[in-house]
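Student: Below: one structure in structure tokens.
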Amino acid sequence: MENRPRLSTLLDYLEVFQICDSTFPIGTFNHSFGMENYLHDRKIKHTPEFQQWFENYFKSQFKYGEGLLTVLCWQALKAGQIEKLWEYDEIITHSTLALETRNGQKLIAKQMLALIKQMYGEIKPLDIYEKKIKTGELAGNPAIVFTIFAHYQAMPLMDTFLMYGYSIGSTMVQNAVRAIPLGQRDGQVVLNNIIKLLGKLYPEVEKLDESYLGANVPGLELAQIKHETQGSRLFMS
């Protein structure tokens with residue numbers, strides 16, 4: 001496993017944080033991952049309903065999905081078990097029932113991979129992952145791409161989890177600002193609450209093993225599936 005022979009510095013954190021930024025052009029602004037169906041059904045109307053939905057999303061789909069995925073992948077990379085990442089890719093892909101959500105994750109992963117490669121050149125685990133995605137052996141997931149890069153930058157496990165969670169939170173808040181509409185100030189308050197929630201979720205997720213990977217709640221999955229046939233849409237998923 002290729003890694004940088006030094007401890008992480010502020011510059012390393014900034015480089016990883018760039019990947020977390022909601023302006024990083026990987027297509028996340030095109031996806032609501034089911035939120036738009038809640039808007040369509042008038043279950044989300046204003047800030048309180050969005051905050052409730054968003055917290056539930058993090059406590060369920062994120063916690064047992066991409067949040068747990070960052071933890072498991074980081075631990076596997078530390079142990080030199082890169083093949084475990086490919087197993088996790090298959091588990092999370094097969095556990096994602098909504099077609100548009102699956103496709104959305106694939107597209108985001110591919111764009112994240114391409115841009116990181118353009119900026120940093122060869123990172124061996126990412127190169128292997130990219131080849132497996134291109135040949136169709138694996139689907140691709142942005143949490144796996146991000147964790148490989150964060151580990152390459154010598155990010156600690158907790159920081160990797162928190163930074164990826166922040167990237168999801170900040171992007172979704174910006175999408176909500178466009179769609180609900182949610183005021184910019186209210187959006188930042190919601191995001192701050194999510195940051196605090198991430199701090200509470202981490203010790204819970206750290207204790208989970210791969211048997212929990214891909215667990216979800218029916219309401220979120222159904223909304224993501226229903227979005228596929230929704231009449232008017234702003235987002236792809």
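Identifiers in this document derive from the order of the structure tokens: chains are assigned A, B, ..., residues are numbered from 1 separately in each chain, and ligands are numbered from 1 in order of occurrence.
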Can you tell me which residues surround Glu204 of chain A at a distance of at most 12 Å, considering only C-alpha atoms, apart from same-chain residues fewer than 2 positions away, and format the answer as a PyMOL selection string?

Tutor: chain A and resi 59-60+63-64+67-68+71+158+161+197-202+206-209+212

Student: May I have the residues within 12 Å of segment 102-104 of chain A as a ChimeraX atom specification, using only C-alpha atoms and disregarding those fewer than 4 positions away in the same chain?

Tutor: /A:26-34,89-98,108-111,139-142,221,224-225,228,235-237

Student: Closest to Val173 of chain A among A:Ala215, A:Phe50, A:Glu130, A:Met155, using only C-alpha atoms?

Tutor: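 Checking each of A:Ala215, A:Phe50, A:Glu130, A:Met155 against Val173 of chain A, counting only C-alpha atoms, the winner is A:Phe50.
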
Student: Identify which of the residues A:Asn193, A:Lys124, A:Ile180, A:Ala79 lies closest to Lys43 of chain A, counting only C-alpha atoms when measuring atom-to-atom distances.

Tutor: A:Ile180

Student: So that I can check the secondary structure, give me every residue of segment 4-85 of chain A assigned helix (DSSP H, G or I) by backbone DSSP, as a ChimeraX atom specification.

Tutor: /A:10-20,28-30,35-40,47-78,83-85
